[in-house]
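Raw target_4.txt, compact mmCIF, N, CA, C and O atoms:
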# COMPACT_ATOMS: atom_id res chain seq x y z
N MET A 92 0.84 -1.18 0.00
CA MET A 92 0.00 0.00 0.00
C MET A 92 0.88 1.24 0.00
O MET A 92 1.90 1.30 0.66
N PHE A 93 0.48 2.23 -0.77
CA PHE A 93 1.23 3.47 -0.86
C PHE A 93 0.54 4.54 -0.03
O PHE A 93 -0.67 4.61 0.04
N PHE A 94 1.35 5.38 0.57
CA PHE A 94 0.82 6.49 1.35
C PHE A 94 1.27 7.79 0.72
O PHE A 94 2.38 7.90 0.24
N SER A 95 0.39 8.76 0.75
CA SER A 95 0.71 10.07 0.23
C SER A 95 1.66 10.76 1.21
O SER A 95 1.45 10.71 2.42
N PRO A 96 2.71 11.40 0.70
CA PRO A 96 3.61 12.11 1.61
C PRO A 96 2.89 13.29 2.27
O PRO A 96 1.90 13.80 1.75
N THR A 97 3.39 13.70 3.39
CA THR A 97 2.79 14.84 4.08
C THR A 97 3.56 16.11 3.73
O THR A 97 4.78 16.08 3.53
N SER A 98 2.85 17.20 3.66
CA SER A 98 3.47 18.49 3.39
C SER A 98 4.07 19.03 4.67
O SER A 98 3.56 18.77 5.76
N PRO A 99 5.15 19.81 4.56
CA PRO A 99 5.74 20.40 5.76
C PRO A 99 4.82 21.44 6.38
O PRO A 99 4.03 22.09 5.68
N LYS A 100 4.89 21.56 7.67
CA LYS A 100 4.10 22.58 8.39
C LYS A 100 4.94 23.85 8.45
O LYS A 100 6.04 23.86 9.00
N ARG A 101 4.42 24.91 7.84
CA ARG A 101 5.14 26.18 7.80
C ARG A 101 4.26 27.28 8.36
O ARG A 101 3.05 27.18 8.35
N GLU A 102 4.91 28.38 8.75
CA GLU A 102 4.15 29.56 9.12
C GLU A 102 3.45 30.07 7.86
O GLU A 102 3.97 29.93 6.75
N GLN A 103 2.27 30.66 8.02
CA GLN A 103 1.47 31.12 6.89
C GLN A 103 2.24 32.07 5.99
O GLN A 103 2.17 32.00 4.78
N GLY A 104 3.00 32.98 6.58
CA GLY A 104 3.76 33.95 5.80
C GLY A 104 4.81 33.29 4.92
O GLY A 104 5.00 33.69 3.76
N VAL A 105 5.47 32.28 5.45
CA VAL A 105 6.49 31.56 4.69
C VAL A 105 5.84 30.81 3.54
O VAL A 105 6.31 30.85 2.40
N GLN A 106 4.71 30.13 3.82
CA GLN A 106 4.02 29.38 2.77
C GLN A 106 3.50 30.33 1.69
O GLN A 106 3.59 30.04 0.51
N SER A 107 2.99 31.48 2.09
CA SER A 107 2.49 32.46 1.12
C SER A 107 3.61 32.95 0.21
O SER A 107 3.41 33.13 -0.99
N GLU A 108 4.79 33.16 0.77
CA GLU A 108 5.94 33.60 -0.02
C GLU A 108 6.34 32.51 -1.03
O GLU A 108 6.60 32.81 -2.20
N ILE A 109 6.35 31.26 -0.60
CA ILE A 109 6.68 30.15 -1.51
C ILE A 109 5.61 30.03 -2.59
O ILE A 109 5.94 29.85 -3.78
N ASP A 110 4.34 30.15 -2.21
CA ASP A 110 3.25 30.08 -3.20
C ASP A 110 3.40 31.18 -4.25
O ASP A 110 3.16 30.96 -5.44
N GLU A 111 3.81 32.37 -3.81
CA GLU A 111 3.99 33.48 -4.75
C GLU A 111 5.13 33.19 -5.72
O GLU A 111 5.04 33.46 -6.91
N GLN A 112 6.21 32.59 -5.21
CA GLN A 112 7.36 32.27 -6.05
C GLN A 112 7.04 31.16 -7.07
O GLN A 112 7.62 31.13 -8.14
N THR A 113 6.12 30.27 -6.73
CA THR A 113 5.82 29.14 -7.61
C THR A 113 4.58 29.38 -8.49
O THR A 113 4.22 28.51 -9.27
N GLN A 114 3.96 30.54 -8.39
CA GLN A 114 2.74 30.79 -9.17
C GLN A 114 3.02 30.88 -10.67
O GLN A 114 2.11 30.78 -11.48
N THR A 115 4.28 31.05 -11.06
CA THR A 115 4.62 31.12 -12.48
C THR A 115 4.97 29.74 -13.06
O THR A 115 5.42 29.64 -14.19
N LEU A 116 4.75 28.69 -12.27
CA LEU A 116 5.06 27.33 -12.70
C LEU A 116 3.79 26.55 -12.98
O LEU A 116 2.78 26.73 -12.30
N SER A 117 3.85 25.68 -14.00
CA SER A 117 2.76 24.77 -14.31
C SER A 117 3.36 23.41 -14.65
O SER A 117 4.34 23.34 -15.40
N LEU A 118 2.76 22.35 -14.12
CA LEU A 118 3.24 21.01 -14.41
C LEU A 118 2.27 20.32 -15.37
O LEU A 118 1.12 20.07 -15.03
N TYR A 119 2.74 20.04 -16.57
CA TYR A 119 1.97 19.27 -17.55
C TYR A 119 2.20 17.81 -17.22
O TYR A 119 3.35 17.37 -17.10
N GLN A 120 1.10 17.06 -17.07
CA GLN A 120 1.23 15.71 -16.54
C GLN A 120 0.03 14.85 -16.91
O GLN A 120 -0.95 15.35 -17.46
N LEU A 121 0.16 13.58 -16.60
CA LEU A 121 -0.93 12.61 -16.70
C LEU A 121 -1.08 11.95 -15.33
O LEU A 121 -0.07 11.61 -14.70
N PRO A 122 -2.30 11.77 -14.85
CA PRO A 122 -2.50 11.22 -13.50
C PRO A 122 -1.83 9.86 -13.27
O PRO A 122 -1.30 9.61 -12.20
N GLY A 123 -1.82 8.97 -14.26
CA GLY A 123 -1.28 7.63 -14.06
C GLY A 123 0.17 7.44 -14.46
O GLY A 123 0.73 6.37 -14.28
N CYS A 124 0.81 8.48 -14.95
CA CYS A 124 2.21 8.39 -15.40
C CYS A 124 3.12 8.27 -14.17
O CYS A 124 3.11 9.13 -13.29
N PRO A 125 3.92 7.19 -14.09
CA PRO A 125 4.77 7.00 -12.89
C PRO A 125 5.77 8.13 -12.66
O PRO A 125 6.08 8.48 -11.52
N PHE A 126 6.29 8.72 -13.73
CA PHE A 126 7.24 9.82 -13.57
C PHE A 126 6.54 11.08 -13.09
O PHE A 126 7.10 11.88 -12.34
N CYS A 127 5.28 11.26 -13.52
CA CYS A 127 4.47 12.39 -13.05
C CYS A 127 4.14 12.21 -11.57
O CYS A 127 4.19 13.17 -10.79
N VAL A 128 3.81 10.98 -11.19
CA VAL A 128 3.54 10.67 -9.78
C VAL A 128 4.76 11.00 -8.93
O VAL A 128 4.65 11.62 -7.86
N LYS A 129 5.93 10.64 -9.42
CA LYS A 129 7.19 10.92 -8.71
C LYS A 129 7.34 12.43 -8.45
O LYS A 129 7.67 12.85 -7.34
N VAL A 130 7.06 13.24 -9.48
CA VAL A 130 7.19 14.70 -9.33
C VAL A 130 6.11 15.24 -8.40
O VAL A 130 6.40 16.06 -7.52
N ARG A 131 4.87 14.78 -8.56
CA ARG A 131 3.78 15.26 -7.69
C ARG A 131 4.04 14.91 -6.23
O ARG A 131 3.79 15.73 -5.33
N ARG A 132 4.55 13.72 -5.97
CA ARG A 132 4.86 13.33 -4.58
C ARG A 132 5.97 14.21 -4.01
O ARG A 132 5.92 14.62 -2.86
N ASP A 133 6.95 14.53 -4.84
CA ASP A 133 8.04 15.41 -4.39
C ASP A 133 7.50 16.82 -4.10
O ASP A 133 7.89 17.45 -3.11
N MET A 134 6.60 17.31 -4.96
CA MET A 134 5.99 18.62 -4.73
C MET A 134 5.25 18.63 -3.40
O MET A 134 5.33 19.60 -2.63
N LYS A 135 4.53 17.56 -3.12
CA LYS A 135 3.78 17.49 -1.86
C LYS A 135 4.74 17.46 -0.67
O LYS A 135 4.52 18.14 0.33
N ARG A 136 5.82 16.66 -0.76
CA ARG A 136 6.80 16.60 0.32
C ARG A 136 7.41 17.97 0.59
O ARG A 136 7.76 18.29 1.72
N LYS A 137 7.58 18.77 -0.47
CA LYS A 137 8.17 20.10 -0.33
C LYS A 137 7.11 21.17 -0.03
O LYS A 137 7.46 22.33 0.20
N GLY A 138 5.84 20.82 -0.07
CA GLY A 138 4.78 21.78 0.22
C GLY A 138 4.62 22.82 -0.88
O GLY A 138 4.32 23.98 -0.60
N LEU A 139 4.82 22.40 -2.13
CA LEU A 139 4.72 23.32 -3.27
C LEU A 139 3.36 23.21 -3.93
O LEU A 139 2.95 22.11 -4.32
N ASN A 140 2.67 24.33 -4.05
CA ASN A 140 1.36 24.37 -4.68
C ASN A 140 1.53 24.87 -6.11
O ASN A 140 1.51 26.08 -6.36
N ILE A 141 1.72 23.93 -7.03
CA ILE A 141 1.97 24.25 -8.43
C ILE A 141 0.78 23.76 -9.24
O ILE A 141 0.28 22.65 -9.02
N GLU A 142 0.33 24.59 -10.19
CA GLU A 142 -0.80 24.22 -11.03
C GLU A 142 -0.50 22.94 -11.82
O GLU A 142 0.56 22.83 -12.45
N LEU A 143 -1.43 21.99 -11.76
CA LEU A 143 -1.31 20.75 -12.52
C LEU A 143 -2.16 20.87 -13.78
O LEU A 143 -3.32 21.28 -13.72
N ARG A 144 -1.59 20.49 -14.91
CA ARG A 144 -2.29 20.54 -16.19
C ARG A 144 -2.31 19.15 -16.80
O ARG A 144 -1.30 18.69 -17.34
N ASN A 145 -3.46 18.51 -16.71
CA ASN A 145 -3.64 17.16 -17.25
C ASN A 145 -3.78 17.27 -18.77
O ASN A 145 -4.72 17.88 -19.27
N ILE A 146 -2.86 16.66 -19.52
CA ILE A 146 -2.89 16.80 -20.98
C ILE A 146 -3.91 15.88 -21.64
O ILE A 146 -4.07 15.93 -22.86
N ASN A 147 -4.63 15.05 -20.87
CA ASN A 147 -5.66 14.19 -21.44
C ASN A 147 -7.07 14.73 -21.26
O ASN A 147 -8.01 14.14 -21.73
N GLY A 148 -7.21 15.82 -20.57
CA GLY A 148 -8.54 16.38 -20.32
C GLY A 148 -9.09 17.11 -21.53
O GLY A 148 -8.44 17.22 -22.58
N LYS A 149 -10.32 17.60 -21.40
CA LYS A 149 -10.94 18.39 -22.47
C LYS A 149 -10.44 19.82 -22.33
O LYS A 149 -11.12 20.68 -21.80
N ASN A 150 -9.23 20.03 -22.78
CA ASN A 150 -8.57 21.33 -22.67
C ASN A 150 -7.53 21.43 -23.78
O ASN A 150 -7.39 20.53 -24.59
N ASP A 151 -6.82 22.51 -23.81
CA ASP A 151 -5.81 22.74 -24.85
C ASP A 151 -4.40 22.46 -24.36
O ASP A 151 -3.44 22.82 -25.03
N TYR A 152 -4.26 21.83 -23.20
CA TYR A 152 -2.93 21.65 -22.62
C TYR A 152 -2.01 20.78 -23.49
O TYR A 152 -0.83 21.06 -23.61
N ARG A 153 -2.54 19.71 -24.07
CA ARG A 153 -1.72 18.83 -24.89
C ARG A 153 -1.16 19.61 -26.09
O ARG A 153 0.03 19.55 -26.38
N GLU A 154 -2.05 20.34 -26.79
CA GLU A 154 -1.62 21.10 -27.95
C GLU A 154 -0.62 22.20 -27.57
O GLU A 154 0.35 22.45 -28.28
N GLU A 155 -0.85 22.84 -26.44
CA GLU A 155 0.06 23.88 -25.96
C GLU A 155 1.43 23.29 -25.66
O GLU A 155 2.47 23.87 -26.01
N LEU A 156 1.45 22.12 -25.01
CA LEU A 156 2.71 21.46 -24.68
C LEU A 156 3.49 21.13 -25.94
O LEU A 156 4.69 21.39 -26.01
N ILE A 157 2.82 20.59 -26.95
CA ILE A 157 3.50 20.23 -28.20
C ILE A 157 3.95 21.48 -28.95
O ILE A 157 5.09 21.58 -29.40
N ARG A 158 3.07 22.46 -29.06
CA ARG A 158 3.35 23.67 -29.83
C ARG A 158 4.47 24.50 -29.20
O ARG A 158 5.39 24.94 -29.87
N GLU A 159 4.38 24.71 -27.89
CA GLU A 159 5.34 25.60 -27.23
C GLU A 159 6.52 24.87 -26.60
O GLU A 159 7.63 25.38 -26.59
N GLY A 160 6.27 23.68 -26.06
CA GLY A 160 7.34 22.92 -25.42
C GLY A 160 8.16 22.10 -26.40
O GLY A 160 9.30 21.77 -26.14
N GLY A 161 7.54 21.74 -27.53
CA GLY A 161 8.28 21.04 -28.57
C GLY A 161 8.02 19.55 -28.67
O GLY A 161 8.34 18.94 -29.68
N LYS A 162 7.43 18.95 -27.64
CA LYS A 162 7.14 17.51 -27.70
C LYS A 162 6.05 17.15 -26.71
O LYS A 162 5.84 17.85 -25.73
N ARG A 163 5.37 16.03 -26.98
CA ARG A 163 4.31 15.55 -26.09
C ARG A 163 4.92 14.54 -25.12
O ARG A 163 4.81 13.35 -25.30
N SER A 164 5.59 15.05 -24.15
CA SER A 164 6.24 14.21 -23.16
C SER A 164 5.96 14.79 -21.79
O SER A 164 6.09 16.01 -21.59
N VAL A 165 5.56 13.94 -20.86
CA VAL A 165 5.30 14.40 -19.51
C VAL A 165 6.11 13.56 -18.53
O VAL A 165 6.47 12.43 -18.85
N PRO A 166 6.44 14.10 -17.38
CA PRO A 166 6.09 15.42 -16.90
C PRO A 166 6.92 16.51 -17.58
O PRO A 166 8.03 16.27 -18.04
N CYS A 167 6.34 17.69 -17.61
CA CYS A 167 7.04 18.86 -18.14
C CYS A 167 6.65 20.07 -17.30
O CYS A 167 5.47 20.32 -17.10
N LEU A 168 7.64 20.76 -16.81
CA LEU A 168 7.42 21.95 -15.99
C LEU A 168 7.58 23.18 -16.87
O LEU A 168 8.64 23.39 -17.47
N LYS A 169 6.53 23.99 -16.96
CA LYS A 169 6.57 25.25 -17.69
C LYS A 169 6.95 26.34 -16.70
O LYS A 169 6.27 26.53 -15.69
N ILE A 170 8.04 27.04 -17.00
CA ILE A 170 8.57 28.07 -16.12
C ILE A 170 8.47 29.41 -16.83
O ILE A 170 9.09 29.60 -17.88
N ALA A 171 7.68 30.31 -16.28
CA ALA A 171 7.54 31.64 -16.86
C ALA A 171 8.65 32.54 -16.32
O ALA A 171 8.79 32.69 -15.11
N GLY A 172 9.42 33.12 -17.22
CA GLY A 172 10.50 34.01 -16.82
C GLY A 172 10.03 35.43 -16.64
O GLY A 172 8.93 35.80 -17.07
N ASP A 173 10.86 36.24 -16.02
CA ASP A 173 10.53 37.66 -15.78
C ASP A 173 10.39 38.43 -17.09
O ASP A 173 9.72 39.45 -17.15
N ASN A 174 11.04 37.94 -18.14
CA ASN A 174 11.06 38.64 -19.42
C ASN A 174 9.92 38.22 -20.35
O ASN A 174 9.91 38.58 -21.52
N GLY A 175 8.97 37.42 -19.84
CA GLY A 175 7.85 36.97 -20.66
C GLY A 175 8.16 35.72 -21.47
O GLY A 175 7.30 35.22 -22.19
N GLN A 176 9.39 35.23 -21.37
CA GLN A 176 9.78 34.01 -22.06
C GLN A 176 9.46 32.80 -21.17
O GLN A 176 9.34 32.93 -19.96
N PHE A 177 9.33 31.64 -21.81
CA PHE A 177 9.04 30.41 -21.07
C PHE A 177 10.14 29.40 -21.27
O PHE A 177 10.71 29.29 -22.35
N GLU A 178 10.41 28.66 -20.21
CA GLU A 178 11.33 27.54 -20.27
C GLU A 178 10.51 26.28 -20.04
O GLU A 178 9.61 26.27 -19.20
N TRP A 179 10.81 25.25 -20.81
CA TRP A 179 10.09 23.98 -20.69
C TRP A 179 11.07 22.94 -20.20
O TRP A 179 12.03 22.61 -20.90
N LEU A 180 10.85 22.45 -19.00
CA LEU A 180 11.79 21.52 -18.36
C LEU A 180 11.17 20.12 -18.34
O LEU A 180 10.16 19.89 -17.68
N TYR A 181 11.78 19.23 -19.09
CA TYR A 181 11.33 17.83 -19.14
C TYR A 181 12.21 16.99 -18.22
O TYR A 181 13.21 17.48 -17.71
N GLU A 182 11.83 15.76 -18.00
CA GLU A 182 12.55 14.79 -17.17
C GLU A 182 12.26 15.01 -15.69
O GLU A 182 12.57 16.06 -15.14
N SER A 183 11.69 14.01 -15.07
CA SER A 183 11.27 14.11 -13.67
C SER A 183 12.41 14.47 -12.73
O SER A 183 12.25 15.32 -11.85
N SER A 184 13.58 13.88 -12.91
CA SER A 184 14.70 14.17 -12.02
C SER A 184 15.17 15.61 -12.15
O SER A 184 15.51 16.26 -11.15
N ASP A 185 15.16 16.15 -13.37
CA ASP A 185 15.54 17.55 -13.57
C ASP A 185 14.52 18.49 -12.94
O ASP A 185 14.89 19.51 -12.35
N ILE A 186 13.24 18.13 -13.04
CA ILE A 186 12.19 18.95 -12.43
C ILE A 186 12.34 18.95 -10.91
O ILE A 186 12.29 20.00 -10.27
N ILE A 187 12.55 17.79 -10.33
CA ILE A 187 12.72 17.68 -8.87
C ILE A 187 13.93 18.49 -8.41
O ILE A 187 13.87 19.20 -7.40
N THR A 188 15.02 18.43 -9.16
CA THR A 188 16.21 19.22 -8.82
C THR A 188 15.90 20.72 -8.89
O THR A 188 16.27 21.49 -8.00
N TYR A 189 15.19 21.15 -9.93
CA TYR A 189 14.83 22.56 -10.08
C TYR A 189 13.95 23.02 -8.90
O TYR A 189 14.14 24.12 -8.38
N LEU A 190 12.99 22.19 -8.50
CA LEU A 190 12.06 22.58 -7.44
C LEU A 190 12.72 22.66 -6.07
O LEU A 190 12.16 23.25 -5.14
N GLN A 191 13.91 22.09 -5.93
CA GLN A 191 14.60 22.09 -4.65
C GLN A 191 14.83 23.52 -4.14
O GLN A 191 14.81 23.77 -2.94
N LYS A 192 15.00 24.48 -5.06
CA LYS A 192 15.29 25.84 -4.62
C LYS A 192 14.11 26.51 -3.92
O LYS A 192 14.28 27.53 -3.25
N PHE A 193 12.92 25.93 -4.02
CA PHE A 193 11.74 26.51 -3.36
C PHE A 193 11.47 25.87 -2.00
O PHE A 193 10.67 26.37 -1.24
N ALA A 194 12.13 24.75 -1.72
CA ALA A 194 11.90 24.04 -0.45
C ALA A 194 12.67 24.71 0.68
O ALA A 194 13.84 25.02 0.56
N ARG A 195 11.96 24.96 1.79
CA ARG A 195 12.59 25.56 2.98
C ARG A 195 12.05 24.89 4.21
O ARG A 195 10.95 24.51 4.30
Output the file's structure as structure tokens, nothing else.
Amino acid sequence: MFFSPTSPKREQGVQSEIDEQTQTLSLYQLPGCPFCVKVRRDMKRKGLNIELRNINGKNDYREELIREGGKRSVPCLKIAGDNGQFEWLYESSDIITYLQKFAR
């Protein structure tokens, strides 16, 4: 049996600051994808509230991922830069490493 990891208990102000820093991130994913599960579990362990975008739903996420990210591969973290440009980060291990800077 698998258990969902628990999020860290933080002061509200600290959590709000982290939420503000991660609001420019979106995770393109599939609910049953094992690599997506790995990233989502890591996000929960770190207490990161990042928008999840299921590419199989009735939405434009799949087309956006292919058009802007370059390939239909999940998980993929969309990172909005200060300059209006986007970075598309593929590979679960690379995403987990990137998210480490938000964990406190």
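With all atoms listed in the file as the basis for measurement, A:Tyr119 is the residue among A:Pro125, A:Leu190, A:Val105, A:Tyr119 that approaches Val165 in chain A most closely.
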Per residue of range 93-163 of chain A within 7 Å of range 175-187 of chain A, note the shortest atom pair and the distance in Å to one decimal, counting only C-alpha atoms, and order the rows by chain and increasing residue number, as a Markdown table.
| residue | atom | partner | partner_atom | distance |
| --- | --- | --- | --- | --- |
| A:Phe126 | CA | A:Ser183 | CA | 5.9 |
| A:Val130 | CA | A:Ser183 | CA | 6.0 |
| A:Asp133 | CA | A:Ile187 | CA | 6.9 |
| A:Gly160 | CA | A:Trp179 | CA | 5.6 |
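The list of residues with at least one atom within 8 Å of Gly138 in chain A, based on only N, CA, C and O atoms and without residues fewer than 4 positions apart in the same chain, reads Thr97, Ser98, Pro99, Lys100, Val105, Gln106, Ile109, Asp110, Arg131, Arg132, Asp133, Met134, Phe193, Ala194 and Arg195 of chain A.
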As a ChimeraX atom specification, which residues of range 133-195 of chain A does DSSP assign to strand (DSSP E or B)?
-> /A:142-145,167-171,177-181
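With distances taken from (-2.3, 12.3, -16.5) and restricted to all atoms listed in the file, the residues inside 7 Å are Gln120, Leu121, Pro122, Gly123, Cys124, Arg144, Asn145, Ile146 and Asn147 of chain A.
CA of Leu168 in chain A is found 9.6 Å from CA of Ile141 in chain A.
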Could you check which of A:Lys149, A:Arg158, A:Lys129, A:Lys192 is closest to Gln112 in chain A, using only C-alpha atoms?
-> A:Lys192
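Here the question is which of A:Pro96, A:Lys135, A:Lys169, A:Gln191 gets nearest to Gln114 in chain A using all atoms listed in the file, and that residue is A:Lys169.
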Among range 113-179 of chain A, which residues carry a DSSP assignment of alpha helix (DSSP H), reported as JSON, numbers by chain?
-> {"A": [113, 125, 126, 127, 128, 129, 130, 131, 132, 133, 134, 135, 136, 137, 152, 153, 154, 155]}
As a check of understanding: the span from CA of Ile157 in chain A to CA of Asn174 in chain A is 21.8 Å
So, counting only C-alpha atoms, which residue among A:Asp173, A:Glu108, A:Val128, A:Lys162 is closest to Leu143 in chain A?
-> A:Val128
